[in-house]
$ cat protein-v4.txt   # compact mmCIF, C-alpha atoms
# COMPACT_ATOMS: atom_id res chain seq x y z
CA MET A 383 -54.62 2.90 82.98
CA GLU A 384 -58.02 1.58 81.91
CA LEU A 385 -58.70 3.21 78.55
CA THR A 386 -62.29 2.17 77.90
CA GLY A 387 -64.52 5.23 77.65
CA LYS A 388 -61.63 7.68 78.19
CA ARG A 389 -61.45 10.81 76.01
CA VAL A 390 -57.90 10.90 74.69
CA LEU A 391 -56.33 13.78 72.80
CA VAL A 392 -54.07 12.50 70.00
CA PHE A 393 -51.70 15.39 69.24
CA GLY A 394 -50.50 14.94 65.65
CA SER A 395 -52.18 13.55 62.54
CA GLY A 396 -49.23 11.79 60.84
CA LYS A 397 -48.59 8.05 60.66
CA SER A 398 -47.93 7.73 64.41
CA GLY A 399 -50.91 9.88 65.38
CA ILE A 400 -53.36 7.96 63.22
CA GLY A 401 -51.92 4.66 64.49
CA ALA A 402 -52.49 5.83 68.05
CA ALA A 403 -56.07 6.96 67.29
CA ASP A 404 -56.91 3.63 65.62
CA LEU A 405 -55.53 1.71 68.61
CA LEU A 406 -57.43 3.86 71.11
CA ALA A 407 -60.70 3.34 69.25
CA ALA A 408 -60.04 -0.43 69.13
CA VAL A 409 -59.69 -0.63 72.93
CA GLY A 410 -62.86 1.40 73.55
CA ALA A 411 -61.40 4.87 74.12
CA VAL A 412 -62.67 8.03 72.42
CA PRO A 413 -59.86 9.53 70.29
CA VAL A 414 -59.85 13.29 69.70
CA ILE A 415 -57.37 14.11 66.93
CA TYR A 416 -55.64 17.49 66.95
CA ASP A 417 -53.20 19.03 64.46
CA GLY A 418 -51.52 22.38 65.17
CA LYS A 419 -51.68 23.44 61.50
CA ALA A 420 -54.85 25.44 60.91
CA ASP A 421 -54.92 24.67 57.16
CA VAL A 422 -54.78 20.89 57.54
CA ASP A 423 -57.48 18.98 55.60
CA LYS A 424 -59.77 17.34 58.17
CA ASP A 425 -61.35 15.07 55.56
CA GLU A 426 -57.90 13.79 54.63
CA ILE A 427 -57.20 13.01 58.30
CA LEU A 428 -60.50 11.15 58.54
CA HIS A 429 -59.66 9.07 55.45
CA LYS A 430 -56.33 8.03 57.00
CA THR A 431 -58.08 6.34 59.96
CA ASP A 432 -59.08 2.68 59.69
CA GLY A 433 -62.74 3.62 59.11
CA THR A 434 -64.16 1.84 62.17
CA TYR A 435 -64.90 5.08 64.08
CA THR A 436 -65.51 8.78 63.48
CA PRO A 437 -63.14 10.86 65.63
CA GLU A 438 -63.48 14.47 66.62
CA ILE A 439 -60.87 16.43 64.66
CA TYR A 440 -59.52 19.90 65.52
CA ALA A 441 -56.94 21.98 63.68
CA GLY A 442 -55.11 25.17 64.64
CA GLU A 443 -56.86 26.11 67.87
CA LEU A 444 -57.94 23.54 70.46
CA PRO A 445 -61.14 24.80 72.14
CA GLN A 446 -61.00 25.23 75.91
CA GLN A 447 -64.09 23.07 76.44
CA VAL A 448 -62.34 20.21 74.61
CA ARG A 449 -59.26 20.56 76.82
CA GLU A 450 -61.36 20.50 79.97
CA ASN A 451 -62.97 17.18 79.04
CA LEU A 452 -59.85 15.10 78.38
CA ASP A 453 -58.60 12.11 80.39
CA LEU A 454 -55.27 11.52 78.66
CA VAL A 455 -52.96 13.00 76.00
CA VAL A 456 -50.95 11.00 73.45
CA LEU A 457 -48.21 12.99 71.69
CA SER A 458 -46.82 12.03 68.30
CA PRO A 459 -42.97 11.88 68.31
CA GLY A 460 -42.69 15.02 66.18
CA VAL A 461 -44.51 17.18 68.76
CA PRO A 462 -42.04 18.91 71.14
CA THR A 463 -42.92 18.60 74.82
CA ASP A 464 -42.03 22.27 75.40
CA LEU A 465 -44.76 23.67 73.13
CA PRO A 466 -46.97 26.13 75.07
CA LEU A 467 -50.06 23.98 74.44
CA VAL A 468 -48.33 20.81 75.67
CA LYS A 469 -47.07 22.64 78.75
CA SER A 470 -50.61 23.83 79.49
CA LEU A 471 -51.89 20.23 79.23
CA TYR A 472 -49.25 19.14 81.75
CA ARG A 473 -50.27 22.01 84.05
CA GLN A 474 -53.87 20.87 83.75
CA GLY A 475 -52.75 17.65 85.47
CA LEU A 476 -53.26 15.39 82.47
CA THR A 477 -51.13 12.30 81.94
CA VAL A 478 -49.12 12.73 78.74
CA TRP A 479 -47.93 9.62 76.91
CA GLY A 480 -46.14 9.14 73.65
CA GLU A 481 -47.06 6.57 71.01
CA VAL A 482 -44.52 4.12 72.46
CA GLU A 483 -46.03 4.25 75.94
CA LEU A 484 -49.55 3.75 74.57
CA ALA A 485 -48.42 0.70 72.58
CA TYR A 486 -46.52 -0.71 75.57
CA GLN A 487 -49.58 -0.31 77.81
CA THR A 488 -51.80 -2.18 75.34
CA GLY A 489 -49.32 -4.73 73.92
CA LYS A 490 -48.07 -7.99 75.41
CA GLY A 491 -44.88 -10.05 75.51
CA GLU A 492 -41.21 -9.19 75.86
CA VAL A 493 -39.66 -5.99 74.53
CA LEU A 494 -36.15 -5.52 73.15
CA ALA A 495 -35.51 -1.81 72.57
CA ILE A 496 -32.71 0.01 70.75
CA THR A 497 -31.73 3.67 70.80
CA GLY A 498 -28.64 5.70 69.97
CA THR A 499 -27.73 8.48 67.58
CA ASN A 500 -26.64 6.18 64.74
CA GLY A 501 -27.04 2.54 63.75
CA LYS A 502 -30.52 2.05 65.24
CA THR A 503 -32.26 0.93 62.06
CA THR A 504 -29.60 -1.58 61.00
CA THR A 505 -29.36 -3.02 64.52
CA THR A 506 -33.14 -3.22 64.85
CA ALA A 507 -33.56 -4.91 61.46
CA LEU A 508 -30.79 -7.41 62.26
CA LEU A 509 -32.13 -8.20 65.73
CA GLY A 510 -35.62 -8.63 64.27
CA LYS A 511 -34.25 -11.13 61.75
CA ILE A 512 -32.37 -13.04 64.47
CA MET A 513 -35.51 -13.34 66.62
CA LYS A 514 -37.72 -14.37 63.67
CA ASP A 515 -35.17 -16.92 62.44
CA ALA A 516 -35.08 -18.36 65.98
CA GLY A 517 -38.81 -19.06 65.69
CA ARG A 518 -40.06 -16.32 67.98
CA ASP A 519 -43.35 -14.52 67.25
CA THR A 520 -41.62 -11.23 66.43
CA PHE A 521 -42.78 -7.67 65.76
CA VAL A 522 -40.28 -5.11 64.43
CA VAL A 523 -41.65 -1.64 65.15
CA GLY A 524 -40.97 1.95 66.12
CA ASN A 525 -38.78 4.50 64.41
CA ILE A 526 -37.90 1.88 61.77
CA GLY A 527 -41.14 2.75 59.94
CA THR A 528 -43.93 0.62 61.43
CA PRO A 529 -45.74 2.42 64.28
CA TYR A 530 -45.62 0.38 67.48
CA THR A 531 -49.33 1.16 67.98
CA SER A 532 -50.26 -0.44 64.64
CA ARG A 533 -49.18 -3.92 65.86
CA ALA A 534 -49.78 -3.75 69.63
CA LEU A 535 -53.12 -5.58 69.64
CA GLU A 536 -51.64 -8.51 67.65
CA MET A 537 -49.07 -9.23 70.35
CA LYS A 538 -49.38 -12.25 72.66
CA GLU A 539 -47.70 -13.21 75.92
CA ASP A 540 -45.00 -15.17 74.07
CA SER A 541 -44.38 -12.42 71.48
CA VAL A 542 -41.18 -10.42 71.29
CA THR A 543 -41.22 -6.81 70.17
CA VAL A 544 -38.01 -5.41 68.67
CA ALA A 545 -38.38 -1.64 68.82
CA GLU A 546 -36.27 1.17 67.41
CA ILE A 547 -36.82 4.06 69.81
CA SER A 548 -35.84 7.67 69.10
CA SER A 549 -35.05 10.36 71.66
CA PHE A 550 -38.36 12.02 70.72
CA GLN A 551 -40.20 8.84 71.72
CA LEU A 552 -38.27 8.39 74.96
CA GLU A 553 -39.31 11.83 76.21
CA THR A 554 -42.84 10.57 76.86
CA ILE A 555 -42.45 7.08 78.35
CA GLN A 556 -43.92 6.27 81.74
CA ASP A 557 -43.82 2.50 82.42
CA PHE A 558 -42.08 1.33 79.23
CA ALA A 559 -39.61 -1.37 80.34
CA PRO A 560 -37.63 -3.48 77.86
CA LYS A 561 -36.18 -6.82 78.97
CA VAL A 562 -33.03 -5.98 77.00
CA SER A 563 -32.18 -2.43 75.92
CA ALA A 564 -29.29 -0.98 73.95
CA ILE A 565 -27.77 2.48 73.58
CA LEU A 566 -25.46 2.24 70.57
CA ASN A 567 -23.73 5.63 70.77
CA ILE A 568 -24.45 9.27 71.60
CA THR A 569 -23.21 12.07 69.36
CA GLU A 570 -24.56 15.55 68.66
CA ASP A 571 -28.02 15.47 67.07
CA HIS A 572 -31.48 17.04 67.42
CA LEU A 573 -30.21 19.99 69.44
CA ASN A 574 -32.96 22.10 67.86
CA ARG A 575 -35.36 19.90 69.86
CA HIS A 576 -33.39 19.04 73.02
CA HIS A 577 -31.38 22.32 73.12
CA THR A 578 -28.35 20.93 74.99
CA MET A 579 -26.22 17.77 74.79
CA GLU A 580 -26.88 17.18 78.49
CA GLU A 581 -30.63 16.99 77.83
CA TYR A 582 -30.16 14.82 74.73
CA ILE A 583 -28.03 12.38 76.75
CA ARG A 584 -30.53 12.35 79.62
CA VAL A 585 -33.39 11.50 77.28
CA LYS A 586 -31.44 8.71 75.53
CA GLU A 587 -30.60 7.14 78.89
CA LEU A 588 -34.32 7.03 79.79
CA ILE A 589 -34.54 3.73 77.89
CA THR A 590 -33.29 2.05 81.09
CA LYS A 591 -35.61 4.06 83.40
CA ASN A 592 -37.93 1.14 84.30
CA GLN A 593 -35.57 -1.80 83.82
CA LYS A 594 -34.92 -3.95 86.87
CA ALA A 595 -32.38 -6.45 88.17
CA GLY A 596 -32.28 -9.43 85.81
CA ASP A 597 -32.70 -7.18 82.75
CA PHE A 598 -29.84 -6.17 80.46
CA CYS A 599 -28.56 -3.01 78.79
CA VAL A 600 -26.08 -3.30 75.89
CA LEU A 601 -23.69 -0.32 75.70
CA ASN A 602 -20.84 0.88 73.49
CA TYR A 603 -17.67 0.76 75.59
CA GLU A 604 -15.95 3.22 73.24
CA ASP A 605 -18.50 5.93 74.01
CA GLU A 606 -17.21 7.59 77.20
CA VAL A 607 -20.67 8.78 78.24
CA LEU A 608 -22.11 5.26 77.95
CA ARG A 609 -19.09 3.58 79.57
CA LYS A 610 -19.63 5.73 82.67
CA PHE A 611 -23.42 5.33 82.49
CA GLY A 612 -23.07 1.54 82.71
CA GLU A 613 -21.25 1.70 86.03
CA ASP A 614 -24.36 2.40 88.14
CA LEU A 615 -27.16 0.69 86.22
CA ILE A 616 -29.83 -1.49 87.81
CA PRO A 617 -30.01 -3.80 84.76
CA GLU A 618 -26.78 -5.64 83.96
CA ALA A 619 -24.52 -3.63 81.63
CA VAL A 620 -23.18 -5.59 78.66
CA TYR A 621 -20.45 -3.72 76.76
CA PHE A 622 -19.25 -4.11 73.19
CA SER A 623 -16.07 -2.69 71.65
CA SER A 624 -14.62 -2.48 68.15
CA ARG A 625 -11.24 -1.26 69.46
CA ARG A 626 -10.17 -3.44 72.38
CA ARG A 627 -10.49 -6.81 74.06
CA LEU A 628 -12.92 -6.67 76.98
CA GLU A 629 -12.77 -8.64 80.20
CA LYS A 630 -16.49 -9.30 79.69
CA GLY A 631 -18.72 -8.51 76.72
CA LEU A 632 -18.43 -8.50 72.93
CA TYR A 633 -15.37 -7.32 71.05
CA LEU A 634 -13.69 -7.29 67.66
CA GLU A 635 -10.27 -8.94 67.53
CA GLY A 636 -8.78 -8.82 64.05
CA ASP A 637 -11.52 -10.14 61.77
CA GLN A 638 -13.25 -12.09 64.53
CA ILE A 639 -16.16 -10.98 66.73
CA LEU A 640 -16.04 -12.74 70.10
CA LEU A 641 -18.30 -12.90 73.17
CA LYS A 642 -17.03 -13.36 76.71
CA PRO A 643 -20.17 -13.85 78.88
CA ALA A 644 -18.20 -13.44 82.13
CA ALA A 645 -14.68 -12.52 83.21
CA ASP A 646 -13.85 -16.17 84.01
CA ALA A 647 -15.77 -17.65 81.04
CA GLU A 648 -14.42 -19.07 77.78
CA GLU A 649 -14.57 -16.89 74.67
CA ILE A 650 -17.42 -17.77 72.32
CA PRO A 651 -16.64 -17.19 68.62
CA VAL A 652 -19.52 -15.22 67.07
CA VAL A 653 -18.61 -14.54 63.43
CA ASN A 654 -15.74 -13.63 61.14
CA THR A 655 -16.37 -10.22 59.59
CA LYS A 656 -15.34 -11.62 56.19
CA ASP A 657 -18.50 -13.75 56.32
CA LEU A 658 -20.77 -10.70 56.76
CA LYS A 659 -22.71 -9.05 53.93
CA ILE A 660 -22.48 -5.60 55.57
CA LEU A 661 -19.27 -3.61 55.64
CA GLY A 662 -17.51 -1.10 57.86
CA GLN A 663 -16.55 -0.83 61.52
CA HIS A 664 -19.84 0.91 62.35
CA ASN A 665 -21.71 -2.15 61.05
CA TYR A 666 -19.51 -4.51 63.07
CA GLU A 667 -20.58 -2.48 66.12
CA ASN A 668 -24.23 -2.86 65.07
CA VAL A 669 -23.70 -6.62 64.73
CA MET A 670 -22.17 -6.84 68.21
CA ALA A 671 -25.09 -4.91 69.72
CA ALA A 672 -27.71 -7.11 68.02
CA VAL A 673 -25.83 -10.30 68.92
CA GLY A 674 -25.55 -9.23 72.56
CA MET A 675 -29.25 -8.42 72.77
CA ALA A 676 -30.28 -11.71 71.15
CA TYR A 677 -27.90 -13.78 73.30
CA TYR A 678 -29.19 -12.26 76.54
CA ALA A 679 -32.76 -12.70 75.27
CA GLY A 680 -32.04 -16.45 75.14
CA VAL A 681 -31.28 -17.17 71.48
CA PRO A 682 -28.64 -19.91 70.91
CA MET A 683 -25.38 -18.65 69.38
CA GLU A 684 -25.57 -21.09 66.47
CA SER A 685 -28.91 -19.60 65.42
CA ILE A 686 -27.61 -16.05 65.91
CA ARG A 687 -24.56 -16.80 63.74
CA GLU A 688 -26.66 -18.10 60.83
CA SER A 689 -28.92 -15.03 60.89
CA VAL A 690 -26.04 -12.57 61.07
CA CYS A 691 -24.23 -14.13 58.09
CA SER A 692 -27.31 -13.93 55.85
CA PHE A 693 -28.28 -10.34 56.79
CA THR A 694 -28.07 -7.66 54.08
CA ALA A 695 -27.95 -3.87 54.45
CA VAL A 696 -31.16 -1.95 55.08
CA ALA A 697 -32.50 0.53 52.54
CA HIS A 698 -31.09 4.08 52.67
CA ARG A 699 -28.04 3.10 54.78
CA ILE A 700 -24.98 2.93 52.49
CA GLU A 701 -27.27 1.11 50.06
CA TYR A 702 -25.77 0.09 46.72
CA VAL A 703 -28.00 1.53 43.99
CA THR A 704 -26.37 0.73 40.64
CA GLU A 705 -23.34 1.34 38.43
CA LYS A 706 -23.56 3.72 35.46
CA ASN A 707 -20.65 4.36 33.09
CA GLY A 708 -18.17 2.94 35.59
CA VAL A 709 -19.51 5.12 38.44
CA VAL A 710 -21.06 3.40 41.48
CA TYR A 711 -24.00 5.14 43.22
CA TYR A 712 -24.77 4.70 46.93
CA ASN A 713 -27.85 5.86 48.84
CA ASP A 714 -27.08 6.83 52.44
CA SER A 715 -30.11 9.08 52.92
CA LYS A 716 -30.34 7.86 56.52
CA GLY A 717 -27.10 9.73 57.23
CA THR A 718 -29.17 12.54 58.77
CA ASN A 719 -26.46 13.92 61.07
CA PRO A 720 -22.70 14.52 60.71
CA ASP A 721 -21.64 11.46 62.71
CA ALA A 722 -23.80 9.11 60.62
CA ALA A 723 -22.53 10.73 57.42
CA ILE A 724 -18.90 10.23 58.54
CA ARG A 725 -19.62 6.50 58.67
CA GLY A 726 -20.90 6.66 55.10
CA ILE A 727 -17.69 8.31 53.89
CA ARG A 728 -15.51 5.80 55.76
CA ALA A 729 -17.27 2.94 54.00
CA MET A 730 -16.32 4.29 50.54
CA ASN A 731 -13.32 2.62 48.88
CA ARG A 732 -12.95 4.91 45.82
CA PRO A 733 -12.87 8.66 45.00
CA THR A 734 -16.27 10.04 45.97
CA LEU A 735 -18.59 12.82 44.86
CA LEU A 736 -20.65 13.55 47.96
CA ILE A 737 -24.18 15.02 47.99
CA GLY A 738 -24.93 16.73 51.32
CA GLY A 739 -27.12 19.34 52.96
CA GLY A 740 -30.76 19.62 53.96
CA TYR A 741 -32.74 20.83 56.96
CA ASP A 742 -30.85 22.70 59.68
CA LYS A 743 -30.88 20.82 63.02
CA GLY A 744 -28.24 23.06 64.55
CA SER A 745 -25.38 20.63 63.89
CA CYS A 746 -21.67 21.42 63.53
CA TYR A 747 -20.19 20.08 60.29
CA ASP A 748 -16.44 20.46 60.99
CA GLU A 749 -15.73 16.80 61.90
CA TRP A 750 -17.73 15.63 58.89
CA ILE A 751 -15.68 17.81 56.55
CA ARG A 752 -12.41 16.75 58.17
CA SER A 753 -13.36 13.11 57.53
CA PHE A 754 -13.23 13.74 53.75
CA ASP A 755 -9.46 13.19 54.10
CA GLY A 756 -8.64 13.02 50.38
CA LYS A 757 -11.49 10.59 49.68
CA VAL A 758 -14.17 13.17 48.77
CA ARG A 759 -13.34 14.68 45.37
CA CYS A 760 -16.28 17.09 45.23
CA LEU A 761 -19.00 18.21 47.67
CA VAL A 762 -22.37 18.97 46.07
CA LEU A 763 -24.73 20.80 48.45
CA ILE A 764 -28.52 21.27 48.55
CA GLY A 765 -31.07 22.46 51.09
CA ALA A 766 -31.20 25.15 53.76
CA THR A 767 -27.77 24.26 55.19
CA ARG A 768 -25.82 24.48 51.91
CA TYR A 769 -24.41 27.96 52.55
CA ASP A 770 -23.36 27.19 56.14
CA ILE A 771 -21.70 23.94 55.07
CA GLN A 772 -19.92 25.71 52.21
CA LYS A 773 -18.52 28.31 54.65
CA ALA A 774 -17.35 25.58 57.02
CA ALA A 775 -15.72 23.65 54.17
CA GLU A 776 -13.84 26.70 52.90
CA ARG A 777 -12.73 27.62 56.43
CA LEU A 778 -11.26 24.11 56.74
CA GLY A 779 -9.53 24.29 53.36
CA PHE A 780 -11.96 22.24 51.24
CA HIS A 781 -12.90 24.29 48.19
CA ASP A 782 -14.35 21.77 45.69
CA VAL A 783 -17.94 22.73 46.49
CA ILE A 784 -20.90 23.10 44.14
CA LEU A 785 -24.26 24.55 45.26
CA CYS A 786 -27.44 23.16 43.69
CA GLU A 787 -31.11 24.06 44.02
CA ASP A 788 -32.39 20.53 44.57
CA LEU A 789 -31.54 16.83 44.47
CA THR A 790 -32.37 16.53 40.76
CA GLU A 791 -29.74 19.11 39.86
CA ALA A 792 -27.25 17.57 42.30
CA VAL A 793 -27.52 14.11 40.71
CA GLN A 794 -27.11 15.61 37.22
CA VAL A 795 -24.01 17.57 38.31
CA CYS A 796 -22.46 14.46 39.88
CA ALA A 797 -23.15 12.38 36.78
CA GLN A 798 -21.44 15.01 34.61
CA LYS A 799 -18.38 15.38 36.88
CA ALA A 800 -17.89 11.72 37.89
CA GLN A 801 -15.21 9.63 36.18
CA PRO A 802 -15.08 5.83 35.77
CA GLY A 803 -13.91 4.39 39.08
CA ASP A 804 -15.62 7.11 41.17
CA ALA A 805 -18.53 6.77 43.58
CA VAL A 806 -21.47 9.14 44.01
CA LEU A 807 -22.73 9.07 47.59
CA LEU A 808 -25.90 10.69 48.92
CA SER A 809 -25.07 11.10 52.62
CA PRO A 810 -26.51 14.48 53.60
CA ALA A 811 -25.48 14.92 57.28
CA CYS A 812 -28.83 16.73 57.61
CA ALA A 813 -32.52 15.90 57.97
CA SER A 814 -34.70 15.79 54.87
CA TRP A 815 -37.45 18.15 56.04
CA GLY A 816 -38.09 21.19 53.88
CA GLN A 817 -37.55 19.40 50.58
CA PHE A 818 -38.83 15.93 51.55
CA ASP A 819 -41.21 14.44 54.12
CA ASN A 820 -38.59 12.02 55.44
CA TYR A 821 -35.24 10.40 54.64
CA GLU A 822 -36.97 7.46 52.90
CA GLN A 823 -38.64 9.76 50.40
CA ARG A 824 -35.31 11.52 49.79
CA GLY A 825 -33.51 8.21 49.27
CA ASP A 826 -36.20 6.87 46.95
CA LYS A 827 -36.02 10.06 44.88
CA PHE A 828 -32.25 9.72 44.64
CA LYS A 829 -32.55 6.13 43.40
CA GLU A 830 -35.20 7.14 40.88
CA LEU A 831 -32.98 9.94 39.55
CA VAL A 832 -29.96 7.64 39.30
CA PHE A 833 -31.86 4.94 37.41
CA ARG A 834 -33.06 7.63 34.98
CA LEU A 835 -29.51 8.72 34.09

$ encode --input "protein-v4.txt" --output "structure tokens"
Amino acid sequence: MELTGKRVLVFGSGKSGIGAADLLAAVGAVPVIYDGKADVDKDEILHKTDGTYTPEIYAGELPQQVRENLDLVVLSPGVPTDLPLVKSLYRQGLTVWGEVELAYQTGKGEVLAITGTNGKTTTTALLGKIMKDAGRDTFVVGNIGTPYTSRALEMKEDSVTVAEISSFQLETIQDFAPKVSAILNITEDHLNRHHTMEEYIRVKELITKNQKAGDFCVLNYEDEVLRKFGEDLIPEAVYFSSRRRLEKGLYLEGDQILLKPAADAEEIPVVNTKDLKILGQHNYENVMAAVGMAYYAGVPMESIRESVCSFTAVAHRIEYVTEKNGVVYYNDSKGTNPDAAIRGIRAMNRPTLLIGGGYDKGSCYDEWIRSFDGKVRCLVLIGATRYDIQKAAERLGFHDVILCEDLTEAVQVCAQKAQPGDAVLLSPACASWGQFDNYEQRGDKFKELVFRL
């Protein structure tokens, strides 16, 4: 779509919304910024733009005459597509894009895109490092923290964009077509937004919607949904497995990660897990996914191997913070759902005091609690979900639970109860909203509180 002169409604005034508005203004469109909160500060929104244009800004109600004079709508990822206003814009016949689609339409070069319930950020960061180390002009964007729209106009034909894509962002793609995609895993998450697992799965699988023959999709063989999904794909399915040897694909055998490019091909040694700086089976899966994507994007294995061995863990994902009085503190604030938080617990190698709880996304916590398995000594709960989690824990026979008002109190309680040789792990199994703006802010606050002890 030619955007010059088009009046485009940007729905949402957060980081993604402002990035979209700035990009639209830069390509000659007329951004109209709208926020559903009536009490939002319009001057503050204006100050967040890049200052090269003066957008129309509306809050609370969107006047009918404004709606009638729109050419396109760009939704921020946090705006549900089933809101009455969004539905009315669809009924009006308007094209509705998300931030990712807008960036894809205006950017250039090759795209490598990663989705999945867990492991996206680590895999995206690792793949970005591999591509940069290989000398490619690389942009690492998306749900990892840098809006895709904020870098789109810098991209050239020989650029490669490594994008972490959430289910919220996939809902609103139109032509978005990565050369290599990956779906790392699918477990229960965001059911407050997608309502059913069937819908959540459908949206995740949209990452392959516009891929064609000659493209690739990297899939987790141990996820039954994804194993079946790969059987009828147009792009070539490339599987990885941490549990078995595959006829073709990437797999973990003992301590060695291997790649078999074809059923009749020789095995290619990738890396020994003892040479990695990141730990845990979930991270070995992330490594396999990133390696597969880089290999099928044309990066030589020798270069891939060097990058993988020098890669360190990303912030907020089982991140070592410090040791105080013989107690080691880990920040896993990115464990925003039960499955991700289970991975955090599995990575612990000492008795653990676990801080959990937060915003209610409609998750079930039973499997998370069962994974404690003698390793979690005490569960310290905060946030809106603390009472529900406490009930679930007691029903499953785990009674060492302490309820706290906030993260400050939780850290103090853990510091008082922890003994030398213990670990304190922030791995909430819940989103941060309600007490924090995002998981980064929650993790940063945790680190600040720990360093103050």

$ residues_around --input "protein-v4.txt" --residues "region 753-759 of chain A" --least-positions-apart "5" --cutoff "6 Å" --atoms "all atoms listed in the file" --output "PyMOL selection string"
chain A and resi 733-735

$ write_last_selection --input "protein-v4.txt" --atoms "C-alpha atoms" --output "mmCIF file, keeping the file's coordinate frame"
data_model
loop_
_atom_site.group_PDB
_atom_site.id
_atom_site.type_symbol
_atom_site.label_atom_id
_atom_site.label_comp_id
_atom_site.auth_asym_id
_atom_site.auth_seq_id
_atom_site.Cartn_x
_atom_site.Cartn_y
_atom_site.Cartn_z
ATOM 1 C CA PRO A 733 -12.870 8.660 45.000
ATOM 2 C CA THR A 734 -16.270 10.040 45.970
ATOM 3 C CA LEU A 735 -18.590 12.820 44.860
#

$ atom_distance --input "protein-v4.txt" --atom1 "CA of Ser532 (chain A)" --atom2 "CA of Val600 (chain A)"
26.8 Å

$ residues_around --input "protein-v4.txt" --residues "region 465-480 of chain A" --least-positions-apart "6" --cutoff "10 Å" --atoms "all atoms listed in the file" --output "PyMOL selection string"
chain A and resi 390-393+398-399+402+418+443-444+449-450+452-459+550-557

$ closest_residue --input "protein-v4.txt" --among "A:Gly726, A:Gly510, A:Gly674, A:Gly596" --to "Ser623 (chain A)" --atoms "all atoms listed in the file"
A:Gly674

$ closest_atom_pairs --input "protein-v4.txt" --of "region 527-630 of chain A" --to "region 640-643 of chain A" --cutoff "12 Å" --atoms "only C-alpha atoms" --output "tab-separated table"
residue	atom	partner	partner_atom	distance
A:Glu618	CA	A:Pro643	CA	11.7
A:Ala619	CA	A:Pro643	CA	11.4
A:Val620	CA	A:Pro643	CA	8.8
A:Tyr621	CA	A:Leu641	CA	10.1
A:Phe622	CA	A:Leu641	CA	8.8
A:Ser623	CA	A:Leu640	CA	10.2
A:Ser624	CA	A:Leu640	CA	10.5
A:Arg626	CA	A:Leu640	CA	11.2
A:Arg627	CA	A:Leu640	CA	9.0
A:Leu628	CA	A:Lys642	CA	7.9
A:Glu629	CA	A:Lys642	CA	7.3
A:Lys630	CA	A:Lys642	CA	5.1

$ closest_residue --input "protein-v4.txt" --among "A:Cys760, A:Asn713, A:Glu787, A:Tyr821" --to "Lys799 (chain A)" --atoms "all atoms listed in the file"
A:Cys760

$ closest_residue --input "protein-v4.txt" --among "A:Ser814, A:Thr694, A:Thr497, A:Asn731" --to "Thr767 (chain A)" --atoms "only C-alpha atoms"
A:Ser814

$ residues_near_point --input "protein-v4.txt" --point "(-40.8, -3.3, 63.2)" --cutoff "12 Å" --atoms "only C-alpha atoms" --output "short mmCIF file (atom, residue, chain, number, x, y, z; two decimals) with C-alpha atoms, in the frame of the given file"
data_model
loop_
_atom_site.label_atom_id
_atom_site.label_comp_id
_atom_site.auth_asym_id
_atom_site.auth_seq_id
_atom_site.Cartn_x
_atom_site.Cartn_y
_atom_site.Cartn_z
CA VAL A 493 -39.66 -5.99 74.53
CA LEU A 494 -36.15 -5.52 73.15
CA ALA A 495 -35.51 -1.81 72.57
CA ILE A 496 -32.71 0.01 70.75
CA LYS A 502 -30.52 2.05 65.24
CA THR A 503 -32.26 0.93 62.06
CA THR A 504 -29.60 -1.58 61.00
CA THR A 505 -29.36 -3.02 64.52
CA THR A 506 -33.14 -3.22 64.85
CA ALA A 507 -33.56 -4.91 61.46
CA LEU A 508 -30.79 -7.41 62.26
CA LEU A 509 -32.13 -8.20 65.73
CA GLY A 510 -35.62 -8.63 64.27
CA LYS A 511 -34.25 -11.13 61.75
CA MET A 513 -35.51 -13.34 66.62
CA LYS A 514 -37.72 -14.37 63.67
CA THR A 520 -41.62 -11.23 66.43
CA PHE A 521 -42.78 -7.67 65.76
CA VAL A 522 -40.28 -5.11 64.43
CA VAL A 523 -41.65 -1.64 65.15
CA GLY A 524 -40.97 1.95 66.12
CA ASN A 525 -38.78 4.50 64.41
CA ILE A 526 -37.90 1.88 61.77
CA GLY A 527 -41.14 2.75 59.94
CA THR A 528 -43.93 0.62 61.43
CA PRO A 529 -45.74 2.42 64.28
CA TYR A 530 -45.62 0.38 67.48
CA THR A 531 -49.33 1.16 67.98
CA SER A 532 -50.26 -0.44 64.64
CA ARG A 533 -49.18 -3.92 65.86
CA ALA A 534 -49.78 -3.75 69.63
CA VAL A 542 -41.18 -10.42 71.29
CA THR A 543 -41.22 -6.81 70.17
CA VAL A 544 -38.01 -5.41 68.67
CA ALA A 545 -38.38 -1.64 68.82
CA GLU A 546 -36.27 1.17 67.41
CA ILE A 547 -36.82 4.06 69.81
#

$ atom_distance --input "protein-v4.txt" --atom1 "CA of Gly708 (chain A)" --atom2 "CA of Gly825 (chain A)"
21.2 Å

$ atom_distance --input "protein-v4.txt" --atom1 "CA of Arg725 (chain A)" --atom2 "CA of Gly662 (chain A)"
7.9 Å

$ residues_around --input "protein-v4.txt" --residues "Ser541 (chain A)" --least-positions-apart "4" --cutoff "10 Å" --atoms "only C-alpha atoms" --output "ChimeraX atom specification"
/A:489-493,518-521,536-537

$ write_last_selection --input "protein-v4.txt" --atoms "C-alpha atoms" --output "short mmCIF file (atom, residue, chain, number, x, y, z; two decimals), keeping the file's coordinate frame"
data_model
loop_
_atom_site.label_atom_id
_atom_site.label_comp_id
_atom_site.auth_asym_id
_atom_site.auth_seq_id
_atom_site.Cartn_x
_atom_site.Cartn_y
_atom_site.Cartn_z
CA GLY A 489 -49.32 -4.73 73.92
CA LYS A 490 -48.07 -7.99 75.41
CA GLY A 491 -44.88 -10.05 75.51
CA GLU A 492 -41.21 -9.19 75.86
CA VAL A 493 -39.66 -5.99 74.53
CA ARG A 518 -40.06 -16.32 67.98
CA ASP A 519 -43.35 -14.52 67.25
CA THR A 520 -41.62 -11.23 66.43
CA PHE A 521 -42.78 -7.67 65.76
CA GLU A 536 -51.64 -8.51 67.65
CA MET A 537 -49.07 -9.23 70.35
#
